[in-house]
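Asker: See work-v6.cif below, with mmCIF, C-alpha atoms.
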```
data_input
#
loop_
_atom_site.group_PDB
_atom_site.id
_atom_site.type_symbol
_atom_site.label_atom_id
_atom_site.label_comp_id
_atom_site.auth_asym_id
_atom_site.auth_seq_id
_atom_site.Cartn_x
_atom_site.Cartn_y
_atom_site.Cartn_z
ATOM 1 C CA MET A 16 108.581 -168.552 204.308
ATOM 2 C CA ASP A 17 106.961 -165.669 206.154
ATOM 3 C CA ASP A 18 103.400 -164.534 205.343
ATOM 4 C CA ARG A 19 104.457 -161.538 203.255
ATOM 5 C CA THR A 20 106.729 -163.714 201.093
ATOM 6 C CA LEU A 21 103.906 -166.250 200.603
ATOM 7 C CA PHE A 22 101.509 -163.462 199.608
ATOM 8 C CA LEU A 23 103.975 -161.938 197.141
ATOM 9 C CA ALA A 24 104.735 -165.317 195.562
ATOM 10 C CA SER A 25 101.019 -166.014 195.177
ATOM 11 C CA MET A 26 100.446 -162.527 193.733
ATOM 12 C CA ALA A 27 103.088 -163.233 191.097
ATOM 13 C CA ARG A 28 101.519 -166.609 190.244
ATOM 14 C CA VAL A 29 98.039 -165.141 189.721
ATOM 15 C CA ALA A 30 99.516 -162.278 187.673
ATOM 16 C CA GLU A 31 101.385 -164.778 185.492
ATOM 17 C CA ALA A 32 98.136 -166.711 184.920
ATOM 18 C CA MET A 33 96.272 -163.538 183.897
ATOM 19 C CA ASP A 34 99.133 -162.497 181.610
ATOM 20 C CA ALA A 35 99.192 -165.990 180.061
ATOM 21 C CA VAL A 36 95.590 -165.647 178.885
ATOM 22 C CA GLY A 37 95.821 -161.915 178.127
ATOM 23 C CA VAL A 38 93.350 -160.705 180.759
ATOM 24 C CA PRO A 39 93.860 -157.095 181.888
ATOM 25 C CA TYR A 40 94.271 -156.871 185.665
ATOM 26 C CA VAL A 41 95.670 -154.748 188.454
ATOM 27 C CA VAL A 42 96.439 -155.641 192.044
ATOM 28 C CA THR A 43 94.374 -153.412 194.300
ATOM 29 C CA GLY A 44 93.388 -153.223 197.965
ATOM 30 C CA SER A 45 95.735 -153.343 200.926
ATOM 31 C CA MET A 46 98.377 -155.375 199.097
ATOM 32 C CA ALA A 47 98.610 -152.650 196.439
ATOM 33 C CA ALA A 48 98.803 -149.972 199.129
ATOM 34 C CA GLY A 49 101.797 -151.814 200.580
ATOM 35 C CA PHE A 50 103.824 -150.914 197.487
ATOM 36 C CA TYR A 51 103.438 -147.206 198.310
ATOM 37 C CA VAL A 52 103.031 -146.906 202.089
ATOM 38 C CA MET A 53 103.382 -149.019 205.219
ATOM 39 C CA PRO A 54 101.927 -152.442 204.368
ATOM 40 C CA ARG A 55 98.744 -153.578 206.075
ATOM 41 C CA MET A 56 98.190 -157.289 205.745
ATOM 42 C CA SER A 57 94.722 -158.508 204.971
ATOM 43 C CA GLY A 58 93.527 -162.039 204.524
ATOM 44 C CA ASP A 59 93.717 -162.022 200.750
ATOM 45 C CA ILE A 60 94.979 -160.380 197.568
ATOM 46 C CA ASP A 61 92.527 -158.347 195.496
ATOM 47 C CA PHE A 62 92.778 -158.268 191.701
ATOM 48 C CA LEU A 63 90.570 -156.022 189.569
ATOM 49 C CA ILE A 64 90.123 -157.845 186.251
ATOM 50 C CA ASN A 65 88.573 -156.954 182.906
ATOM 51 C CA PRO A 66 88.274 -160.139 180.852
ATOM 52 C CA GLN A 67 86.182 -160.513 177.727
ATOM 53 C CA PRO A 68 83.429 -163.165 177.620
ATOM 54 C CA SER A 69 85.556 -165.140 175.166
ATOM 55 C CA ASP A 70 88.267 -165.438 177.878
ATOM 56 C CA LYS A 71 85.988 -167.529 180.133
ATOM 57 C CA PRO A 72 87.175 -171.046 179.139
ATOM 58 C CA PHE A 73 90.848 -170.050 179.186
ATOM 59 C CA VAL A 74 90.664 -168.335 182.574
ATOM 60 C CA ALA A 75 88.706 -171.214 184.109
ATOM 61 C CA LYS A 76 91.156 -173.778 182.718
ATOM 62 C CA ILE A 77 94.419 -172.091 183.704
ATOM 63 C CA LEU A 78 93.241 -171.166 187.199
ATOM 64 C CA ALA A 79 91.762 -174.616 187.873
ATOM 65 C CA GLU A 80 95.064 -176.219 186.798
ATOM 66 C CA ASP A 81 97.318 -174.158 189.079
ATOM 67 C CA PHE A 82 95.043 -173.126 191.963
ATOM 68 C CA PHE A 83 92.232 -174.444 194.079
ATOM 69 C CA ALA A 84 89.422 -172.977 192.001
ATOM 70 C CA ASP A 85 86.003 -174.146 190.934
ATOM 71 C CA PRO A 86 85.635 -173.744 187.148
ATOM 72 C CA ASP A 87 81.838 -173.570 187.503
ATOM 73 C CA VAL A 88 82.082 -170.686 189.991
ATOM 74 C CA ILE A 89 84.509 -168.909 187.660
ATOM 75 C CA LYS A 90 82.136 -169.335 184.710
ATOM 76 C CA GLU A 91 79.208 -168.086 186.828
ATOM 77 C CA ALA A 92 81.225 -165.017 187.872
ATOM 78 C CA PHE A 93 81.862 -164.313 184.182
ATOM 79 C CA ASN A 94 78.131 -164.451 183.525
ATOM 80 C CA ASP A 95 77.331 -162.163 186.497
ATOM 81 C CA ARG A 96 80.461 -159.973 186.135
ATOM 82 C CA SER A 97 80.947 -160.370 189.856
ATOM 83 C CA MET A 98 83.934 -161.983 191.562
ATOM 84 C CA PHE A 99 85.455 -165.347 192.336
ATOM 85 C CA GLN A 100 88.215 -166.679 194.528
ATOM 86 C CA VAL A 101 91.229 -168.870 193.944
ATOM 87 C CA ILE A 102 93.515 -170.367 196.545
ATOM 88 C CA ASP A 103 97.185 -170.911 195.862
ATOM 89 C CA PRO A 104 98.124 -174.441 196.950
ATOM 90 C CA ASN A 105 101.600 -173.114 197.843
ATOM 91 C CA GLY A 106 100.796 -171.496 201.179
ATOM 92 C CA HIS A 107 97.002 -171.416 200.834
ATOM 93 C CA VAL A 108 96.860 -167.708 199.994
ATOM 94 C CA LYS A 109 93.427 -166.577 198.811
ATOM 95 C CA SER A 110 92.974 -164.154 195.927
ATOM 96 C CA ASP A 111 89.747 -162.384 195.052
ATOM 97 C CA LEU A 112 89.382 -161.693 191.335
ATOM 98 C CA ILE A 113 86.861 -158.874 191.011
ATOM 99 C CA PHE A 114 85.326 -157.844 187.699
ATOM 100 C CA TRP A 115 85.452 -154.104 187.042
ATOM 101 C CA THR A 116 82.147 -152.328 187.405
ATOM 102 C CA PRO A 117 80.760 -149.166 185.829
ATOM 103 C CA LYS A 118 81.496 -147.435 189.163
ATOM 104 C CA PHE A 119 85.123 -147.151 188.156
ATOM 105 C CA ASN A 120 86.654 -146.522 184.712
ATOM 106 C CA PRO A 121 88.865 -149.563 184.082
ATOM 107 C CA GLU A 122 90.553 -148.185 180.978
ATOM 108 C CA THR A 123 92.083 -145.370 183.005
ATOM 109 C CA VAL A 124 93.021 -147.705 185.835
ATOM 110 C CA PHE A 125 94.668 -150.268 183.561
ATOM 111 C CA GLN A 126 96.509 -147.596 181.547
ATOM 112 C CA ARG A 127 97.834 -145.898 184.691
ATOM 113 C CA ALA A 128 98.874 -149.153 186.403
ATOM 114 C CA GLN A 129 102.471 -149.403 187.512
ATOM 115 C CA THR A 130 104.489 -152.541 186.898
ATOM 116 C CA MET A 131 106.301 -153.731 190.013
ATOM 117 C CA ARG A 132 108.827 -156.556 190.177
ATOM 118 C CA VAL A 133 107.461 -159.265 192.439
ATOM 119 C CA GLU A 134 109.302 -162.557 192.768
ATOM 120 C CA GLY A 135 110.896 -161.926 189.365
ATOM 121 C CA THR A 136 107.545 -161.231 187.680
ATOM 122 C CA GLY A 137 106.230 -157.904 186.391
ATOM 123 C CA VAL A 138 102.986 -157.417 188.308
ATOM 124 C CA LYS A 139 100.577 -154.609 187.391
ATOM 125 C CA VAL A 140 99.608 -152.621 190.479
ATOM 126 C CA ILE A 141 96.940 -149.923 190.588
ATOM 127 C CA ALA A 142 98.432 -146.404 190.669
ATOM 128 C CA PRO A 143 98.286 -144.809 194.141
ATOM 129 C CA GLU A 144 95.879 -142.074 192.972
ATOM 130 C CA ASP A 145 93.453 -144.624 191.528
ATOM 131 C CA LEU A 146 93.762 -146.696 194.675
ATOM 132 C CA VAL A 147 92.744 -143.652 196.726
ATOM 133 C CA ILE A 148 89.628 -143.236 194.560
ATOM 134 C CA ALA A 149 88.810 -146.962 194.697
ATOM 135 C CA LYS A 150 89.132 -146.981 198.481
ATOM 136 C CA LEU A 151 86.921 -143.896 198.749
ATOM 137 C CA ILE A 152 84.280 -145.591 196.587
ATOM 138 C CA TRP A 153 84.439 -148.653 198.865
ATOM 139 C CA ALA A 154 84.349 -146.394 201.950
ATOM 140 C CA LYS A 155 81.243 -144.675 200.595
ATOM 141 C CA GLU A 156 79.448 -148.013 200.699
ATOM 142 C CA SER A 157 81.011 -149.485 203.832
ATOM 143 C CA ARG A 158 82.091 -146.494 205.978
ATOM 144 C CA SER A 159 85.072 -148.695 206.909
ATOM 145 C CA GLU A 160 87.636 -146.994 209.150
ATOM 146 C CA LEU A 161 90.332 -149.145 207.534
ATOM 147 C CA GLN A 162 89.553 -147.675 204.110
ATOM 148 C CA PHE A 163 89.737 -144.126 205.507
ATOM 149 C CA ARG A 164 93.040 -144.898 207.249
ATOM 150 C CA ASP A 165 94.457 -146.409 204.071
ATOM 151 C CA VAL A 166 93.399 -143.318 202.101
ATOM 152 C CA HIS A 167 94.928 -141.000 204.704
ATOM 153 C CA SER A 168 98.181 -142.947 204.541
ATOM 154 C CA LEU A 169 98.235 -142.979 200.714
ATOM 155 C CA LEU A 170 97.678 -139.213 200.629
ATOM 156 C CA GLN A 171 100.925 -138.839 202.590
ATOM 157 C CA PHE A 172 102.869 -140.679 199.867
ATOM 158 C CA GLU A 173 105.039 -137.979 198.276
ATOM 159 C CA GLU A 174 104.494 -139.183 194.701
ATOM 160 C CA VAL A 175 100.682 -138.955 194.818
ATOM 161 C CA ASP A 176 99.296 -136.428 192.337
ATOM 162 C CA SER A 177 96.932 -134.584 194.691
ATOM 163 C CA GLU A 178 95.331 -132.554 191.891
ATOM 164 C CA TYR A 179 94.454 -135.707 189.955
ATOM 165 C CA VAL A 180 92.977 -137.230 193.127
ATOM 166 C CA ARG A 181 90.836 -134.127 193.775
ATOM 167 C CA ARG A 182 89.559 -134.063 190.168
ATOM 168 C CA GLN A 183 88.730 -137.764 190.194
ATOM 169 C CA ALA A 184 87.083 -137.505 193.615
ATOM 170 C CA LYS A 185 84.671 -134.942 192.125
ATOM 171 C CA VAL A 186 84.019 -137.155 189.090
ATOM 172 C CA TYR A 187 83.155 -140.138 191.309
ATOM 173 C CA GLY A 188 81.205 -138.127 193.889
ATOM 174 C CA VAL A 189 83.577 -138.834 196.771
ATOM 175 C CA GLY A 190 85.016 -135.331 197.282
ATOM 176 C CA GLU A 191 83.551 -135.020 200.782
ATOM 177 C CA LEU A 192 84.956 -138.414 201.733
ATOM 178 C CA LEU A 193 88.370 -137.312 200.444
ATOM 179 C CA GLU A 194 88.249 -134.316 202.778
ATOM 180 C CA GLU A 195 87.174 -136.543 205.667
ATOM 181 C CA ALA A 196 89.959 -139.068 204.991
ATOM 182 C CA SER A 197 92.486 -136.219 204.865
ATOM 183 C CA SER A 198 91.814 -135.282 208.484
ATOM 184 C CA GLU A 199 94.270 -136.188 211.213
ATOM 185 C CA ARG A 200 91.560 -138.365 212.744
ATOM 186 C CA TYR A 201 92.696 -141.140 210.397
ATOM 187 C CA ALA A 202 96.451 -140.748 210.947
ATOM 188 C CA THR A 203 97.995 -143.986 212.162
#
```
Let me see the structure of the file written as structure tokens.

Answerer:
Amino acid sequence: MDDRTLFLASMARVAEAMDAVGVPYVVTGSMAAGFYVMPRMSGDIDFLINPQPSDKPFVAKILAEDFFADPDVIKEAFNDRSMFQVIDPNGHVKSDLIFWTPKFNPETVFQRAQTMRVEGTGVKVIAPEDLVIAKLIWAKESRSELQFRDVHSLLQFEEVDSEYVRRQAKVYGVGELLEEASSERYAT
């Protein structure tokens, strides 16, 4: 199997685990961008998750059964609302499961998610507009050229609702970064 196939299979497995315990999630990051524009491989798959505290034992159990995952680290991440990692034993693909933060409205993100067929599984993927905003928020903190390039590329996707992106960029205080990312400087 090639790397992309391994990543997609692992993405489907993590999504199935989250669906099995009823935890809202979306795939985000460069793997999500690959559903809309030219894929850029990174070393992992990012999932934005919004579990309830009562989900902790179920999430820890199901992930520890099917993935290389430390149940204690998972439980600690629940307490801190931070992130944890799991590694798929089939191909050793790493996934970061990141708890939503007040920086980004998860209800909107989860409602607007698009379901994509991946390895026969319906996987919820962040909408391209919300991915633009998420990447701009990350770029605000990191000033990462990769984030700006990803945003520039996503803005070229014909189905992106540019008005929605502009409104949300103002809401999240990243309007100037949106303008910067729109420049040809970040064209690939």

Asker: Would you translate the PyMOL selection byres ((chain A and resi 100-106) around 10) into the concrete set of residues it matches in this file, as a ChimeraX atom specification?

Answerer: /A:16-18,20-22,24-26,28-29,59-62,78-79,81-85,88-89,92,98-99,107-113

Asker: CA of Gly190 in chain A to CA of Ala202 in chain A: how many Å, to one decimal?

Answerer: 18.6 Å

Asker: Would you be able to write out as a compact mmCIF listing (two decimals) with C-alpha atoms, in the coordinates of the input which residues have an atom within 10 Å of (87.7, -140.6, 201.4) in the file's coordinates, counting all atoms listed in the file?

Answerer:
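The resulting file, out.txt, is shown below:
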```
# COMPACT_ATOMS: atom_id res chain seq x y z
CA VAL A 147 92.74 -143.65 196.73
CA ILE A 148 89.63 -143.24 194.56
CA ALA A 149 88.81 -146.96 194.70
CA LYS A 150 89.13 -146.98 198.48
CA LEU A 151 86.92 -143.90 198.75
CA ILE A 152 84.28 -145.59 196.59
CA TRP A 153 84.44 -148.65 198.86
CA ALA A 154 84.35 -146.39 201.95
CA LYS A 155 81.24 -144.68 200.60
CA ARG A 158 82.09 -146.49 205.98
CA GLN A 162 89.55 -147.68 204.11
CA PHE A 163 89.74 -144.13 205.51
CA ARG A 164 93.04 -144.90 207.25
CA ASP A 165 94.46 -146.41 204.07
CA VAL A 166 93.40 -143.32 202.10
CA HIS A 167 94.93 -141.00 204.70
CA ALA A 184 87.08 -137.50 193.62
CA VAL A 189 83.58 -138.83 196.77
CA GLY A 190 85.02 -135.33 197.28
CA GLU A 191 83.55 -135.02 200.78
CA LEU A 192 84.96 -138.41 201.73
CA LEU A 193 88.37 -137.31 200.44
CA GLU A 194 88.25 -134.32 202.78
CA GLU A 195 87.17 -136.54 205.67
CA ALA A 196 89.96 -139.07 204.99
CA SER A 197 92.49 -136.22 204.86
CA SER A 198 91.81 -135.28 208.48
```

Asker: Can you translate the PyMOL selection byres ((chain A and resi 132-136) around 8) into the concrete residues it hits in this file, as an NGL selection string?

Answerer: :A and (23-24 or 26-27 or 31 or 130-131 or 137-138)

Asker: Just to confirm, what's the straight-line distance from CA of Asp176 in chain A to CA of Phe50 in chain A in Å (one decimal)?

Answerer: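 According to the coordinates, CA of Asp176 in chain A and CA of Phe50 in chain A are separated by 16.0 Å.
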
Asker: What does the structure give for the distance between CA of Val74 in chain A and CA of Val36 in chain A, in Å to one decimal?

Answerer: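 Going from CA of Val74 in chain A over to CA of Val36 in chain A covers 6.7 Å.
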
Asker: Between A:Phe125, A:Trp115, A:Tyr40, A:Phe93, single out the one closest to Asp70 in chain A, counting all atoms listed in the file.

Answerer: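 Of the candidates, the smallest distance to Asp70 in chain A is held by A:Phe93.
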
Asker: Measuring between only C-alpha atoms, which one of A:Leu161, A:Arg181, A:Val38, A:Ala142 shows the shortest distance to Phe114 in chain A?

Answerer: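 The closest residue to Phe114 in chain A is A:Val38.
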
Asker: Can you translate the PyMOL selection byres ((chain A and resi 169) around 9) into the concrete residues it hits in this file, as a PDB file with C-alpha atoms, keeping the file's coordinate frame?

Answerer:
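This went into expr_20.pdb:
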```pdb
ATOM      1  CA  ALA A  48      98.803-149.972 199.129  1.00  0.00           C
ATOM      2  CA  TYR A  51     103.438-147.206 198.310  1.00  0.00           C
ATOM      3  CA  VAL A  52     103.031-146.906 202.089  1.00  0.00           C
ATOM      4  CA  PRO A 143      98.286-144.809 194.141  1.00  0.00           C
ATOM      5  CA  GLU A 144      95.879-142.074 192.972  1.00  0.00           C
ATOM      6  CA  LEU A 146      93.762-146.696 194.675  1.00  0.00           C
ATOM      7  CA  VAL A 147      92.744-143.652 196.726  1.00  0.00           C
ATOM      8  CA  ARG A 164      93.040-144.898 207.249  1.00  0.00           C
ATOM      9  CA  ASP A 165      94.457-146.409 204.071  1.00  0.00           C
ATOM     10  CA  VAL A 166      93.399-143.318 202.101  1.00  0.00           C
ATOM     11  CA  HIS A 167      94.928-141.000 204.704  1.00  0.00           C
ATOM     12  CA  SER A 168      98.181-142.947 204.541  1.00  0.00           C
ATOM     13  CA  LEU A 170      97.678-139.213 200.629  1.00  0.00           C
ATOM     14  CA  GLN A 171     100.925-138.839 202.590  1.00  0.00           C
ATOM     15  CA  PHE A 172     102.869-140.679 199.867  1.00  0.00           C
ATOM     16  CA  GLU A 173     105.039-137.979 198.276  1.00  0.00           C
ATOM     17  CA  VAL A 175     100.682-138.955 194.818  1.00  0.00           C
TER      18      VAL A 175
END
```

Asker: Find the residue from A:Lys185, A:Lys139, A:Arg19, A:Arg200 that sits nearest to Ile64 in chain A; use only C-alpha atoms when measuring.

Answerer: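 Among the listed residues, the smallest separation from Ile64 in chain A belongs to A:Lys139.
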
Asker: Can you work out which one of A:Phe119, A:Ala32, A:Pro86, A:Thr203 has the shortest atom-to-atom distance to Arg55 in chain A, counting only C-alpha atoms?

Answerer: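 Comparing A:Phe119, A:Ala32, A:Pro86, A:Thr203 against Arg55 in chain A, the winner is A:Thr203.
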
Asker: Return the single residue from A:Glu80, A:Val140, A:Gln183, A:Arg96 that is closest to Pro39 in chain A, with distances computed using all atoms listed in the file.

Answerer: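 Of all the options, A:Val140 lies closest to Pro39 in chain A.
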
Asker: Which is closer to Val41 in chain A than all the others in A:Ala75, A:Met53, A:Val186, A:Val124, using all atoms listed in the file?

Answerer: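 Looking only at the distances to Val41 in chain A, the closest residue turns out to be A:Val124.
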
Asker: Please return the centre and edge lengths, in Å to one decimal, of a box with edges along x, y and z that contains all listed atoms of range 166-183 of chain A, widened by 3 Å on every side, as AutoDock Vina command-line options.

Answerer:
```
--center_x 96.9 --center_y -137.9 --center_z 197.3 --size_x 22.3 --size_y 16.8 --size_z 20.7
```
